[in-house]
Every structure is written in C-alpha cells, then in structure tokens.
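Student: Supplied structure: coords_10.txt, compact mmCIF, C-alpha atoms and all ligand atoms.
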# COMPACT_ATOMS: atom_id res chain seq x y z
CA MET M 15 75.99 60.21 55.83
CA SER M 16 76.29 61.04 59.49
CA ILE M 17 73.14 59.53 61.01
CA SER M 18 74.27 56.57 63.09
CA LYS M 19 71.05 55.22 64.61
CA PHE M 20 67.79 54.40 62.90
CA ASP M 21 64.17 54.73 63.96
CA THR M 22 61.05 53.22 62.46
CA SER M 23 59.17 56.39 61.52
CA GLU M 24 58.38 57.42 57.95
CA GLU M 25 59.89 60.87 58.66
CA PHE M 26 63.16 59.19 59.48
CA ALA M 27 63.17 57.43 56.09
CA TYR M 28 62.76 60.82 54.44
CA THR M 29 65.57 62.22 56.57
CA LEU M 30 67.86 59.43 55.39
CA ASP M 31 66.95 60.23 51.79
CA SER M 32 67.61 63.91 52.31
CA LYS M 33 71.16 63.09 53.41
CA ASP M 34 71.82 60.60 50.60
CA SER M 35 74.66 61.87 48.43
CA LEU M 36 73.69 59.46 45.62
CA ALA M 37 70.02 60.49 45.50
CA ARG M 38 70.64 62.57 42.36
CA PHE M 39 71.32 59.44 40.28
CA ARG M 40 67.82 58.01 40.67
CA ASN M 41 66.22 60.15 37.99
CA ARG M 42 68.71 58.86 35.40
CA PHE M 43 67.04 55.43 35.71
CA TYR M 44 63.69 54.13 34.51
CA THR M 45 62.25 53.33 37.92
CA PRO M 46 58.62 52.14 37.99
CA LYS M 47 56.07 54.97 38.21
CA HIS M 48 53.97 52.95 40.63
CA GLY M 49 55.68 50.34 42.70
CA ILE M 50 59.13 49.56 44.04
CA TYR M 51 61.91 47.72 42.22
CA VAL M 52 64.38 46.02 44.54
CA ASP M 53 65.54 43.28 42.18
CA GLY M 54 68.76 44.87 40.95
CA ASN M 55 70.69 41.80 42.13
CA SER M 56 68.91 39.85 39.38
CA LEU M 57 68.44 42.46 36.69
CA GLY M 58 69.46 46.08 37.16
CA LEU M 59 67.28 48.82 35.68
CA LEU M 60 67.79 50.70 32.44
CA SER M 61 69.34 54.17 32.68
CA ASN M 62 69.05 57.07 30.23
CA ASP M 63 72.79 56.73 29.76
CA SER M 64 72.51 53.09 28.66
CA GLU M 65 69.55 53.84 26.44
CA ASN M 66 71.61 56.55 24.75
CA SER M 67 74.62 54.33 24.22
CA VAL M 68 72.42 51.61 22.69
CA LEU M 69 70.70 54.12 20.41
CA ARG M 70 74.04 55.56 19.38
CA ILE M 71 75.36 52.15 18.40
CA LEU M 72 72.16 51.29 16.54
CA GLY M 73 72.51 54.57 14.67
CA GLU M 74 76.10 53.72 13.79
CA TRP M 75 75.05 50.34 12.45
CA LYS M 76 72.36 52.14 10.41
CA THR M 77 74.73 54.65 8.89
CA LEU M 78 78.12 52.96 8.92
CA GLY M 79 77.39 49.28 8.37
CA ILE M 80 80.61 47.31 8.59
CA ARG M 81 82.67 50.50 8.87
CA GLY M 82 81.42 50.74 12.47
CA TRP M 83 84.13 48.28 13.51
CA LEU M 84 86.70 51.04 13.10
CA GLU M 85 84.75 54.26 12.51
CA ALA M 86 82.09 54.21 15.25
CA LYS M 87 82.55 56.82 17.96
CA HIS M 88 83.87 54.01 20.16
CA PRO M 89 85.09 51.60 17.45
CA TRP M 90 83.44 48.22 17.90
CA PHE M 91 86.71 46.43 17.22
CA TYR M 92 88.12 47.77 20.50
CA LEU M 93 84.88 47.96 22.51
CA ALA M 94 85.49 44.81 24.57
CA GLU M 95 88.87 46.12 25.72
CA GLU M 96 87.51 49.64 26.28
CA LEU M 97 84.68 48.37 28.50
CA GLY M 98 87.13 46.05 30.25
CA ALA M 99 89.39 48.99 31.10
CA LYS M 100 86.44 50.88 32.57
CA CYS M 101 85.27 47.92 34.60
CA ALA M 102 88.84 47.29 35.79
CA ARG M 103 88.56 50.49 37.84
CA LEU M 104 85.69 48.96 39.79
CA VAL M 105 87.55 45.79 40.70
CA GLY M 106 91.06 47.02 41.42
CA ALA M 107 92.64 45.70 38.23
CA LYS M 108 94.83 47.10 35.48
CA PRO M 109 93.01 48.11 32.27
CA GLN M 110 94.47 45.23 30.26
CA GLU M 111 93.49 42.63 32.89
CA VAL M 112 89.72 42.88 32.27
CA VAL M 113 87.71 42.38 29.10
CA ALA M 114 84.00 42.41 28.29
CA THR M 115 83.27 39.09 26.64
CA GLY M 116 80.92 36.14 26.43
CA THR M 117 78.71 35.12 29.28
CA THR M 118 79.57 34.20 32.83
CA THR M 119 79.18 30.46 32.42
CA VAL M 120 81.22 30.36 29.20
CA ASN M 121 83.89 32.47 30.91
CA ILE M 122 83.97 29.98 33.79
CA HIS M 123 84.62 27.20 31.28
CA SER M 124 87.29 29.29 29.60
CA LEU M 125 89.21 30.35 32.70
CA VAL M 126 88.82 27.29 34.91
CA ASN M 127 90.01 25.15 32.00
CA THR M 128 92.96 27.49 31.55
CA PHE M 129 94.02 27.22 35.19
CA TYR M 130 93.07 23.59 35.84
CA ASN M 131 96.00 21.29 35.16
CA PRO M 132 95.10 18.03 36.87
CA LYS M 133 97.94 15.64 37.64
CA VAL M 134 97.70 12.02 38.74
CA GLU M 135 97.68 12.88 42.44
CA LYS M 136 96.74 16.55 42.33
CA LYS M 137 93.49 16.65 40.42
CA THR M 138 90.55 17.94 42.46
CA ILE M 139 88.73 21.24 42.15
CA LEU M 140 87.56 22.80 45.40
CA ALA M 141 84.25 24.68 45.28
CA ASP M 142 81.14 24.97 47.44
CA LYS M 143 77.57 23.73 47.48
CA LEU M 144 76.08 27.15 48.17
CA THR M 145 77.32 28.77 44.98
CA PHE M 146 75.01 29.51 42.07
CA PRO M 147 74.29 26.15 40.39
CA THR M 148 75.62 27.11 36.95
CA ASP M 149 79.10 27.21 38.50
CA ILE M 150 78.69 23.65 39.77
CA TYR M 151 77.29 22.42 36.46
CA ALA M 152 80.25 23.97 34.63
CA LEU M 153 82.82 22.58 37.09
CA ARG M 154 81.36 19.08 36.90
CA SER M 155 81.49 19.10 33.13
CA ILE M 156 85.07 20.44 33.16
CA VAL M 157 86.17 17.58 35.43
CA ARG M 158 84.29 15.05 33.28
CA LEU M 159 85.87 16.35 30.07
CA ARG M 160 89.30 15.58 31.56
CA GLY M 161 88.24 11.96 31.94
CA LEU M 162 87.85 12.34 35.72
CA ASP M 163 84.87 11.68 37.96
CA PRO M 164 83.04 14.77 39.25
CA ASP M 165 81.68 12.78 42.19
CA ASP M 166 85.25 12.31 43.41
CA ASP M 167 87.23 15.09 41.82
CA LEU M 168 84.96 18.04 42.44
CA VAL M 169 85.03 18.69 46.19
CA LEU M 170 82.02 20.74 47.25
CA ILE M 171 82.11 22.26 50.71
CA SER M 172 78.81 22.41 52.55
CA GLY M 173 77.88 25.55 54.37
CA THR M 174 76.65 26.15 57.87
CA ASP M 175 72.88 25.44 57.91
CA GLY M 176 72.69 26.02 54.16
CA ARG M 177 73.40 29.74 54.56
CA PHE M 178 77.02 30.59 55.21
CA LEU M 179 80.55 29.46 54.44
CA GLU M 180 83.45 29.67 56.88
CA GLU M 181 86.64 30.69 55.12
CA GLU M 182 88.88 28.71 57.51
CA LYS M 183 86.90 25.54 56.84
CA ILE M 184 87.24 26.07 53.09
CA ILE M 185 91.00 26.37 53.41
CA ASP M 186 91.15 23.32 55.70
CA GLN M 187 89.84 21.33 52.74
CA VAL M 188 92.82 22.23 50.54
CA ASP M 189 95.19 19.26 50.59
CA ASN M 190 97.78 17.58 48.39
CA THR M 191 95.10 16.48 45.95
CA THR M 192 93.72 19.97 45.31
CA ALA M 193 94.59 21.45 41.92
CA LEU M 194 92.47 24.62 41.96
CA ALA M 195 89.78 26.50 43.95
CA PHE M 196 86.84 28.36 42.48
CA LEU M 197 84.45 30.23 44.78
CA PRO M 198 81.78 32.93 44.70
CA SER M 199 82.46 36.40 46.10
CA VAL M 200 78.93 36.71 47.50
CA LEU M 201 76.56 33.81 48.11
CA TYR M 202 73.50 34.32 45.93
CA ARG M 203 71.04 33.29 48.61
CA SER M 204 72.25 34.58 51.98
CA GLY M 205 74.23 37.52 50.60
CA GLN M 206 77.35 36.55 52.58
CA LEU M 207 80.49 38.26 51.23
CA LEU M 208 83.50 35.98 51.41
CA ASN M 209 86.93 37.23 52.43
CA ILE M 210 88.62 37.09 49.02
CA LYS M 211 91.91 38.44 50.32
CA TYR M 212 92.21 35.78 53.01
CA LEU M 213 91.11 32.94 50.72
CA THR M 214 93.59 33.97 48.04
CA GLU M 215 96.50 34.28 50.49
CA GLN M 216 95.75 30.89 51.99
CA ALA M 217 95.20 29.16 48.65
CA HIS M 218 98.53 30.51 47.41
CA ALA M 219 100.26 29.50 50.64
CA LYS M 220 99.07 25.98 49.85
CA GLY M 221 100.28 26.28 46.28
CA ILE M 222 97.04 26.37 44.32
CA PRO M 223 95.51 28.97 41.98
CA ILE M 224 92.17 30.47 42.95
CA GLY M 225 89.40 32.14 40.96
CA PHE M 226 86.14 33.85 41.91
CA ASP M 227 82.68 34.37 40.47
CA CYS M 228 82.05 38.01 41.39
CA SER M 229 78.60 38.27 39.77
CA HIS M 230 76.96 39.27 43.05
CA SER M 231 79.55 41.83 44.06
CA ALA M 232 80.70 43.62 40.90
CA GLY M 233 79.25 47.11 40.84
CA VAL M 234 78.18 47.17 44.47
CA VAL M 235 81.27 46.06 46.43
CA PRO M 236 84.76 47.42 45.72
CA HIS M 237 87.40 44.76 44.94
CA GLN M 238 91.17 44.80 44.95
CA LEU M 239 91.79 41.86 42.63
CA ASP M 240 95.40 42.87 41.90
CA LYS M 241 96.31 43.71 45.47
CA TRP M 242 94.82 40.46 46.72
CA ASP M 243 96.65 38.66 43.91
CA VAL M 244 93.57 36.77 42.71
CA ASP M 245 94.46 34.57 39.73
CA PHE M 246 91.27 34.96 37.72
CA ALA M 247 87.67 36.08 38.07
CA VAL M 248 84.41 36.28 36.12
CA TRP M 249 81.25 38.28 36.64
CA CYS M 250 78.03 39.09 34.84
CA SER M 251 76.95 42.62 33.99
CA TYR M 252 73.18 42.47 34.21
CA LYS M 253 72.92 42.77 38.00
CA TYR M 254 74.50 45.75 39.78
CA LEU M 255 76.26 46.82 36.57
CA ASN M 256 72.85 47.47 34.95
CA GLY M 257 73.90 46.18 31.51
CA GLY M 258 70.48 44.72 30.60
CA PRO M 259 69.15 41.20 30.09
CA GLY M 260 71.89 38.87 28.88
CA SER M 261 74.43 41.69 28.59
CA THR M 262 78.06 40.80 27.86
CA ALA M 263 79.95 39.47 30.88
CA PHE M 264 83.47 40.31 32.11
CA LEU M 265 86.54 38.30 32.91
CA TYR M 266 89.75 39.13 34.76
CA VAL M 267 93.14 37.46 34.28
CA ASN M 268 95.98 38.55 36.56
CA GLU M 269 98.76 39.87 34.32
CA GLU M 270 101.21 37.36 35.70
CA HIS M 271 99.23 34.72 33.79
CA PHE M 272 99.03 36.44 30.40
CA ASP M 273 101.40 33.87 28.90
CA ARG M 274 99.17 30.93 29.75
CA GLU M 275 97.48 29.38 26.74
CA PRO M 276 93.74 30.18 26.67
CA ALA M 277 91.89 26.87 26.96
CA LEU M 278 89.03 27.88 24.66
CA ALA M 279 90.80 29.69 21.87
CA GLY M 280 89.06 31.75 19.22
CA TRP M 281 89.99 34.34 16.66
CA PHE M 282 89.04 37.37 18.75
CA GLY M 283 91.65 36.34 21.29
CA TYR M 284 94.36 36.79 18.67
CA VAL M 285 96.97 39.56 19.01
CA LYS M 286 94.85 42.55 18.10
CA ASP M 287 96.91 44.27 15.45
CA ARG M 288 97.58 41.01 13.59
CA GLN M 289 94.14 39.40 13.94
CA PHE M 290 93.21 40.07 10.34
CA ASP M 291 96.36 38.42 9.03
CA LEU M 292 94.16 35.36 9.61
CA ALA M 293 97.15 33.16 10.32
CA VAL M 294 96.61 29.47 10.94
CA GLU M 295 98.80 29.34 14.10
CA PHE M 296 97.04 30.85 17.14
CA ASP M 297 98.93 33.63 18.93
CA HIS M 298 96.86 35.05 21.77
CA ALA M 299 96.88 38.68 22.92
CA LYS M 300 98.97 39.00 26.09
CA SER M 301 96.12 40.60 28.00
CA ALA M 302 92.68 39.50 29.25
CA GLY M 303 91.61 40.14 25.65
CA GLY M 304 93.47 36.94 24.74
CA TRP M 305 90.61 35.01 26.39
CA GLN M 306 88.00 36.33 23.97
CA ILE M 307 86.61 33.66 21.70
CA SER M 308 84.17 35.05 19.16
CA SER M 309 83.14 38.33 17.57
CA PRO M 310 82.05 40.59 20.43
CA ALA M 311 78.29 40.92 20.93
CA ILE M 312 78.24 44.65 20.26
CA LEU M 313 74.50 45.11 20.85
CA SER M 314 74.68 43.26 24.17
CA SER M 315 77.70 45.34 25.18
CA ALA M 316 76.23 48.69 24.12
CA PRO M 317 74.29 49.41 27.35
CA LEU M 318 77.49 48.99 29.37
CA GLN M 319 78.98 52.13 27.92
CA GLY M 320 76.33 54.21 29.65
CA SER M 321 75.93 52.12 32.77
CA LEU M 322 79.64 51.89 33.63
CA ASP M 323 79.98 55.65 33.21
CA ILE M 324 77.28 56.25 35.83
CA ILE M 325 78.93 53.88 38.30
CA LEU M 326 82.33 55.49 37.79
CA GLU M 327 80.77 58.93 38.19
CA ALA M 328 79.06 57.92 41.46
CA GLY M 329 82.20 56.14 42.70
CA ILE M 330 82.28 52.53 43.86
CA GLU M 331 83.22 53.52 47.42
CA SER M 332 80.18 55.81 47.73
CA ILE M 333 78.00 53.08 46.22
CA ARG M 334 79.26 50.62 48.83
CA GLN M 335 78.67 53.11 51.68
CA LYS M 336 75.06 53.63 50.64
CA SER M 337 74.54 49.92 50.03
CA LEU M 338 75.73 49.11 53.54
CA ARG M 339 73.58 51.86 55.01
CA ILE M 340 70.39 50.96 53.17
CA THR M 341 70.75 47.21 53.79
CA ALA M 342 71.45 47.91 57.49
CA TYR M 343 68.28 50.02 57.58
CA LEU M 344 66.27 47.22 55.98
CA MET M 345 67.59 44.68 58.50
CA TYR M 346 66.81 47.09 61.33
CA LEU M 347 63.20 47.50 60.16
CA VAL M 348 62.74 43.75 59.75
CA ASP M 349 64.07 43.19 63.29
CA GLU M 350 61.99 45.96 64.82
CA LEU M 351 58.71 45.57 62.96
CA LEU M 352 58.53 42.10 61.46
CA SER M 353 60.38 39.63 63.63
CA LYS M 354 57.64 38.90 66.17
CA LYS M 355 54.31 37.13 65.83
CA PRO M 356 52.24 37.19 63.66
CA TYR M 357 54.94 38.29 61.17
CA ASP M 358 57.77 35.84 61.90
CA PHE M 359 60.29 37.19 59.41
CA SER M 360 64.00 36.89 60.10
CA VAL M 361 67.19 38.11 58.49
CA GLY M 362 69.40 35.43 56.94
CA THR M 363 72.26 37.74 55.95
CA PRO M 364 75.40 38.43 58.02
CA ARG M 365 75.11 41.61 60.08
CA GLU M 366 78.79 42.59 59.85
CA ALA M 367 79.43 45.06 57.04
CA GLU M 368 82.56 43.24 55.88
CA ARG M 369 80.59 39.99 55.47
CA ARG M 370 77.64 41.44 53.58
CA GLY M 371 77.12 41.91 49.82
CA GLY M 372 74.42 44.08 48.25
CA HIS M 373 71.22 42.23 49.11
CA VAL M 374 69.38 41.07 52.19
CA ALA M 375 67.83 37.61 52.56
CA VAL M 376 64.56 38.03 54.41
CA GLU M 377 63.41 34.60 55.51
CA HIS M 378 59.88 33.33 56.07
CA LYS M 379 58.30 29.92 55.74
CA GLU M 380 55.79 31.38 53.26
CA ALA M 381 58.47 33.28 51.31
CA MET M 382 57.32 32.10 47.88
CA ARG M 383 53.71 33.21 48.28
CA ILE M 384 54.70 36.41 50.10
CA SER M 385 57.05 37.41 47.29
CA GLU M 386 54.20 36.86 44.82
CA ALA M 387 51.92 38.98 47.00
CA LEU M 388 54.60 41.70 46.95
CA ARG M 389 54.72 41.52 43.15
CA ALA M 390 50.93 41.84 43.00
CA ARG M 391 51.39 45.07 44.96
CA GLY M 392 54.04 46.27 42.50
CA VAL M 393 57.00 45.47 44.75
CA ILE M 394 59.49 43.55 42.61
CA CYS M 395 62.00 41.35 44.42
CA ASP M 396 62.63 37.64 44.05
CA PHE M 397 62.20 34.34 45.83
CA ARG M 398 64.91 31.74 46.32
CA PRO M 399 64.02 28.35 47.73
CA PRO M 400 63.46 27.24 50.34
CA ASN M 401 62.43 30.34 52.30
CA ILE M 402 64.17 33.49 51.07
CA ILE M 403 62.82 36.77 49.79
CA ARG M 404 65.86 38.51 48.31
CA ILE M 405 65.74 42.26 48.59
CA ALA M 406 68.42 44.34 46.92
CA PRO M 407 68.03 48.08 47.42
CA ALA M 408 70.27 49.38 44.62
CA PRO M 409 72.34 52.36 45.78
CA LEU M 410 71.94 54.25 42.50
CA TYR M 411 68.17 54.16 42.23
CA ASN M 412 66.46 52.98 45.40
CA THR M 413 65.48 55.22 48.28
CA PHE M 414 65.31 54.68 52.02
CA HIS M 415 61.64 55.59 51.84
CA GLU M 416 61.07 52.72 49.39
CA VAL M 417 62.62 50.35 51.92
CA TRP M 418 60.34 51.74 54.59
CA GLN M 419 57.31 51.28 52.30
CA LEU M 420 58.36 47.75 51.43
CA VAL M 421 58.36 46.82 55.10
CA GLN M 422 54.84 48.25 55.47
CA HIS M 423 53.76 46.09 52.50
CA LEU M 424 55.16 43.02 54.24
CA LYS M 425 53.25 43.92 57.40
CA ASP M 426 49.99 44.34 55.48
CA ILE M 427 50.45 41.12 53.53
CA ILE M 428 50.72 39.16 56.78
CA GLN M 429 48.03 41.07 58.65
CA ASP M 430 45.53 40.63 55.80
CA ARG M 431 46.73 37.05 55.13
CA GLU M 432 47.03 38.16 51.54
CA TYR M 433 49.56 35.46 50.65
CA GLU M 434 46.99 32.77 51.44
CA ARG M 435 45.08 33.80 48.34
CA ILE M 436 48.10 32.97 46.17
CA GLY M 437 48.48 29.47 44.73
CA GLU M 438 51.28 27.11 45.77
CA GLN M 439 52.41 26.76 42.13
CA ARG M 440 55.72 28.48 41.55
CA LYS M 441 56.19 30.52 38.35
CA PRO M 442 59.04 29.50 35.95
CA ILE M 443 60.90 32.67 36.97
CA SER M 444 60.39 34.21 40.38
C1 LIG H 1 76.86 33.85 40.76
C2 LIG H 1 76.27 33.69 39.38
N1 LIG H 1 77.04 33.18 38.41
C3 LIG H 1 76.55 33.01 37.15
C4 LIG H 1 75.24 33.34 36.86
C5 LIG H 1 74.66 33.11 35.50
O1 LIG H 1 75.55 33.30 34.50
P1 LIG H 1 75.21 33.44 32.96
O2 LIG H 1 75.59 34.85 32.61
O3 LIG H 1 76.07 32.45 32.30
O4 LIG H 1 73.75 33.20 32.75
C6 LIG H 1 74.42 33.88 37.85
C7 LIG H 1 73.03 34.24 37.54
O5 LIG H 1 72.30 34.80 38.29
C8 LIG H 1 74.96 34.04 39.15
O6 LIG H 1 74.21 34.52 40.13
Could you quickly redo this structure as structure tokens?

Tutor:
Amino acid sequence: MSISKFDTSEEFAYTLDSKDSLARFRNRFYTPKHGIYVDGNSLGLLSNDSENSVLRILGEWKTLGIRGWLEAKHPWFYLAEELGAKCARLVGAKPQEVVATGTTTVNIHSLVNTFYNPKVEKKTILADKLTFPTDIYALRSIVRLRGLDPDDDLVLISGTDGRFLEEEKIIDQVDNTTALAFLPSVLYRSGQLLNIKYLTEQAHAKGIPIGFDCSHSAGVVPHQLDKWDVDFAVWCSYKYLNGGPGSTAFLYVNEEHFDREPALAGWFGYVKDRQFDLAVEFDHAKSAGGWQISSPAILSSAPLQGSLDIILEAGIESIRQKSLRITAYLMYLVDELLSKKPYDFSVGTPREAERRGGHVAVEHKEAMRISEALRARGVICDFRPPNIIRIAPAPLYNTFHEVWQLVQHLKDIIQDREYERIGEQRKPIS
C-alpha cells in the first residue's frame, strides 16, 4: 500500500480498502451481515476453509471410525505434528520444533516446569504483572509445587502506569537468584509488543533460559523464534489464528532442548513409531511432539487445517503490513475525531510500529458502558478493566471502512449519551 498519510473522510476509507491487497480474503470468512466484528484478538471468526476441514474430519469419523487415525486424508495420528509444521512457518521455527497440543495454560505448566530447575540460591522465576493472569496463576502454582514460596520466588515486574513494560528494566531484574524468565510477546491490555530478540539475548547473556506466551502475536506478527534463540514458547490458536473457541494450542521447543525430559509426560509424547509398543519406560520423541501429553483433540484441531492454510496463503508479512496500517489508521481517527471534549478518548497503545501488536487500546473512563453500547449497535469488541476498549481490526477480514464506521459509532454514543442508559453491572464475559 502506497498511501502514506490519512484523512478523516469516508471516501478515504474506501480508497484504503481499494488498495488493500488482502481484501480478497474477507469473503472467505463468516463476517456479520449487519455490524462490525473487531474482536479477533479474543476469538477469530470462522472461515469457509475451517468449516470445510471440520466437516471433512467429521465425515471421516462417520465413515472410518477408528481407522481415521491412519486412513483419514490427513491421518489423525500425525495431525498435531502436521499442524505444528504449518504453524512453525509463521513463527520462524523448524517444522519439528512446533506441535499443536493441549491448551495454553497446560502448555505453560508443561514447558515452564521443563525449564525451571530451581537451586538453593538460584530459584526465582521472573515474570510481569501486566501479563494475562492465567500465566501468573500457573507460575505461582509451579513455584508452590516445588515447595517454594510464590510471594518470594516469583518476581513480578510492574509496568509503567499499568500499561507498558520497559525491556531494560526487566533485564535489570535478572540477578544471581533468577532461574528462568517467562514473558508475554504482546501485553493483552495495552497491545505493547515486547522486543523478544533483545530480551532473549540479554537473558542468555545472564545465563538464564527464557520463554514467551505469544498468544497475542501468533498469526498477526511475524516471529523469528529460532533466529532469536528463544528457548520455548506457547500460544493459543483461537485469536488471530482463527481456530475456534477452545481450539488446540501450540508449543515451541528450540531443538537444542529436545533431549530435556518433558516435565508432564504422557503417552502421546512417546517416540512416534514405537508409541504403540506401550512400553513401561517413557522415551520421549526428540521433537516438540515429545511434549504432548494425551490423545490429540482432533475435533478441536480440525478448524486449524483450514485457518492456517489461509494465513500461509496470505503471508504473515502481508498480514503484519495491513495490521500496522489499519491500527495506525484507527489511532489517527481516534486522535483526530475523538480525543477532544466531549469525547475524551485516548490511545493507550504504543505508536511505534515495532512496539505494537495487533490491537489498539482505546481508553475512556466509561469504557465498560461504551463497549456495551457498541455491542448494542452490533459492533463487537471487548472491554478490559479499568478503562480499555480493545479494538482488533483483523487483517484478513476487517476493512478500513469498518474502522471508519466504528469511530462514527463512538462519536454518536458520546453525543447521544447512549452509554448512560446502560447499567453499571458488568457481564460475566465482556
Ligand atoms: C496471553 C494469554 N495467555 C493465555 C490465555 C488463555 O489460555 P487458555 O488457552 O489456557 O485458556 C489467554 C486468553 O486470552 C491469553 O490472552
């Protein structure tokens, strides 16, 4: 796309769409007929391709029964590795370093426990307070299970004004007591993208392994996990990877660690071609597949066949370019049209492209009620306390014109004081 400056007119939004090289992917998704869906950072939309892969696998179950494990078009026995190899291309990893398995939180338990070897003096885990809470819950329980005290042995770095983390300050916290670091790639509230390359280099220079939760970057930001020499990573597949609610997650283990003993062993981590010898001694596959635990959730993995193909077809670099462009456009419109009285919105996401993930945090003191008012108008985004409306224009299915319309909705909601008619009670999911 060659347009370098924005303007606030509707015509300009259409011009941006006319120059969008990814526009052709939109009609492969089930976008709402009326309304705007900008919640792909929570749950990506269903595509025709995913629907077809699910229906194909259901059909195979219908006709093949147990034979599907080896005789399905993509044999279920190898599906986790096959999907891992596809996803590896999105994150700069070798095919055998990624596997589709489990759920993000279980994978955190599995990999952090594998890499966490606390010693008498060197026993703390370094993480941050701004990460998604499940990571903190998991880390606390991991520390506790080793007989240590999470209040002392889990070191949580606070961010700047609850929004951002400074990489240098994180590294300053690594000392002789630190055994491991585990951090998010993108902060789920502000959308800040951390410098994974720098953090990994510095952690290694100080002699500790480092892992990342890439749930908010996989599928929208390119990664170079091998080149950066990251030790391990996890990510979910229901956000920008469009795998559907509760779809199977992914994990990455750098090949230099394939010999490590998986902390949470299970029979699907066994050396593949000898798994059905059903030996009593555990011998794990020397690949990310060695960190599988149970029978793969084939029905929760099925949508990923279609959805990963679309992403690979579009190209992760092109996806990133559009994501940066469309989020920059959104921030521009908020600044130009919504930052003054009576609107009082502000942007709580870093402006620099290299520090931004796939969503924009639009802040307002009435964010909760405004996001409900948006939903009532058919604009689906989400609210994160205390004051954030998260807006994620997904490069594969959102348009610049939708972003323009969304901003008009925000204007109207404030002008008409529409949010005041919404109760203060927060819904269980918002
Ligand atoms: C960064 C991050 N990690 C983990 C999770 C949740 O993981 P799980 O797949 O275990 O529900 C989320 C959910 O939104 C998340 O944002």

Student: To check your reading of the model: which residues sit at most 7 Å from ligand LIG 1 (chain H) when counting only C-alpha atoms and all ligand atoms? Write the answer as a ChimeraX atom specification.

Tutor: /M:56,117-120,145-146,148-149,198,202,227-230,249-250,260,263

Student: For Val376 in chain M, which of M:Asn131, M:Ser23, M:Ser199, M:Ser204 is the closest residue, counting all atoms listed in the file?

Tutor: M:Ser204

Student: Show me a table, sorted first by chain and then by increasing residue number, of the residues of range 299-387 of chain M having an atom at most 7 Å from range 252-258 of chain M, each with its shortest atom pair and the distance in Å to one decimal, counting only C-alpha atoms and written as JSON lines.

Tutor:
{"residue": "M:Pro317", "atom": "CA", "partner": "M:Gly257", "partner_atom": "CA", "distance": 5.3}
{"residue": "M:Leu318", "atom": "CA", "partner": "M:Gly257", "partner_atom": "CA", "distance": 5.0}
{"residue": "M:Ser321", "atom": "CA", "partner": "M:Asn256", "partner_atom": "CA", "distance": 6.0}
{"residue": "M:Leu322", "atom": "CA", "partner": "M:Leu255", "partner_atom": "CA", "distance": 6.8}

Student: Which is closest to Glu215 in chain M among M:Val244, M:Arg177, M:Pro236, M:Leu424, if we use all atoms listed in the file?

Tutor: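 Looking at the shortest contact to Glu215 in chain M, the residue is M:Val244.
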
Student: How many Å separate CA of Gly79 in chain M from CA of Phe282 in chain M?

Tutor: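 Value for the CA of Gly79 in chain M-CA of Phe282 in chain M distance: 19.6 Å.
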
Student: Do you know which residues are at most 7 Å from Gln306 in chain M counting all atoms listed in the file, after dropping those on the same chain fewer than 6 positions away, and could you put them as a short mmCIF file (atom, residue, chain, number, x, y, z; two decimals) with C-alpha atoms, in the frame of the given file?

Tutor:
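Wrote part.cif, looks like this:
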data_model
loop_
_atom_site.label_atom_id
_atom_site.label_comp_id
_atom_site.auth_asym_id
_atom_site.auth_seq_id
_atom_site.Cartn_x
_atom_site.Cartn_y
_atom_site.Cartn_z
CA THR M 115 83.27 39.09 26.64
CA GLY M 280 89.06 31.75 19.22
CA PHE M 282 89.04 37.37 18.75
CA GLY M 283 91.65 36.34 21.29
#

Student: List as a tab-separated table every residue of range 209-307 of chain M that is in contact with range 333-353 of chain M, defined as an atom at most 9 Å from one of its atoms (using only C-alpha atoms), together with the nearest atom pair and the distance in Å rounded to one decimal, sorted by chain and then rising number.

Tutor:
residue	atom	partner	partner_atom	distance
M:Gly233	CA	M:Ile333	CA	8.1
M:Val234	CA	M:Arg334	CA	5.7
M:Val235	CA	M:Arg334	CA	5.5
M:Pro236	CA	M:Arg334	CA	7.1

Student: May I have the residues within 12 Å of Ser155 in chain M as JSON, numbers by chain, using all atoms listed in the file and disregarding those fewer than 3 positions away in the same chain?

Tutor: {"M": [119, 120, 122, 123, 126, 127, 139, 148, 149, 150, 151, 152, 158, 159, 160, 161, 162, 163, 164, 165, 167, 168]}

Student: Go through M:Ile325, M:Val417, M:Ile443, M:Leu239 and flag the residue nearest Tyr51 in chain M, using all atoms listed in the file for the distances.

Tutor: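 Comparing M:Ile325, M:Val417, M:Ile443, M:Leu239 against Tyr51 in chain M, the winner is M:Val417.
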
Student: Using all atoms listed in the file, which residue out of M:Ser301, M:Arg288, M:His88, M:Ala141 lies closest to Phe226 in chain M?

Tutor: M:Ala141

Student: What lies within 6 Å of Leu265 in chain M using all atoms listed in the file, ignoring chain neighbours under 2 positions off, as a VMD selection string?

Tutor: chain M and resid 112 to 113 247 to 248

Student: Just how far from CA of Leu207 in chain M is CA of Gln419 in chain M, in Å to one decimal?

Tutor: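 Value for the CA of Gln419 in chain M-CA of Leu207 in chain M distance: 26.6 Å.
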
Student: Quick one: residues within 10 Å of Ile428 in chain M, all atoms listed in the file, excluding same-chain residues fewer than 2 positions away - as a PyMOL selection string?

Tutor: chain M and resi 352+355-358+380+384+387+423-426+430-434

Student: Which value, in Å to one decimal, gives the distance between CA of Gln216 in chain M and CA of Thr138 in chain M?

Tutor: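 Atom-to-atom, CA of Gln216 in chain M to CA of Thr138 in chain M, that is 16.9 Å.
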
Student: Between M:Gly329, M:Gly320, M:Gly303, M:Pro223, which has the minimum distance to Thr128 in chain M (counting only C-alpha atoms)?

Tutor: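 Of all the options, M:Pro223 lies closest to Thr128 in chain M.
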
Student: Can you work out which one of M:Pro310, M:His298, M:Val105, M:Ile324 has the shortest atom-to-atom distance to Pro89 in chain M, counting only C-alpha atoms?

Tutor: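 Checking each of M:Pro310, M:His298, M:Val105, M:Ile324 against Pro89 in chain M, counting only C-alpha atoms, the winner is M:Pro310.
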
Student: Box for range 104-120 of chain M - axis-aligned, 5 Å on each of the six sides, all listed atoms - centre and size in Å to one decimal, as AutoDock Vina command-line options.

Tutor:
--center_x 86.8 --center_y 39.7 --center_z 33.9 --size_x 26.1 --size_y 28.6 --size_z 25.0

Student: Using all atoms listed in the file, which residues sit within 12 Å of Phe91 in chain M once same-chain residues fewer than 5 positions away are excluded, as a list in words?

Tutor: Ile80, Arg81, Gly82, Trp83, Leu84, Glu85, Ala86, Glu96, Leu97, Phe282, Gly283, Lys286, Asp287, Gln289, Phe290, Gly303, Ser308, Ser309, Pro310, Ala311 and Ile312 of chain M
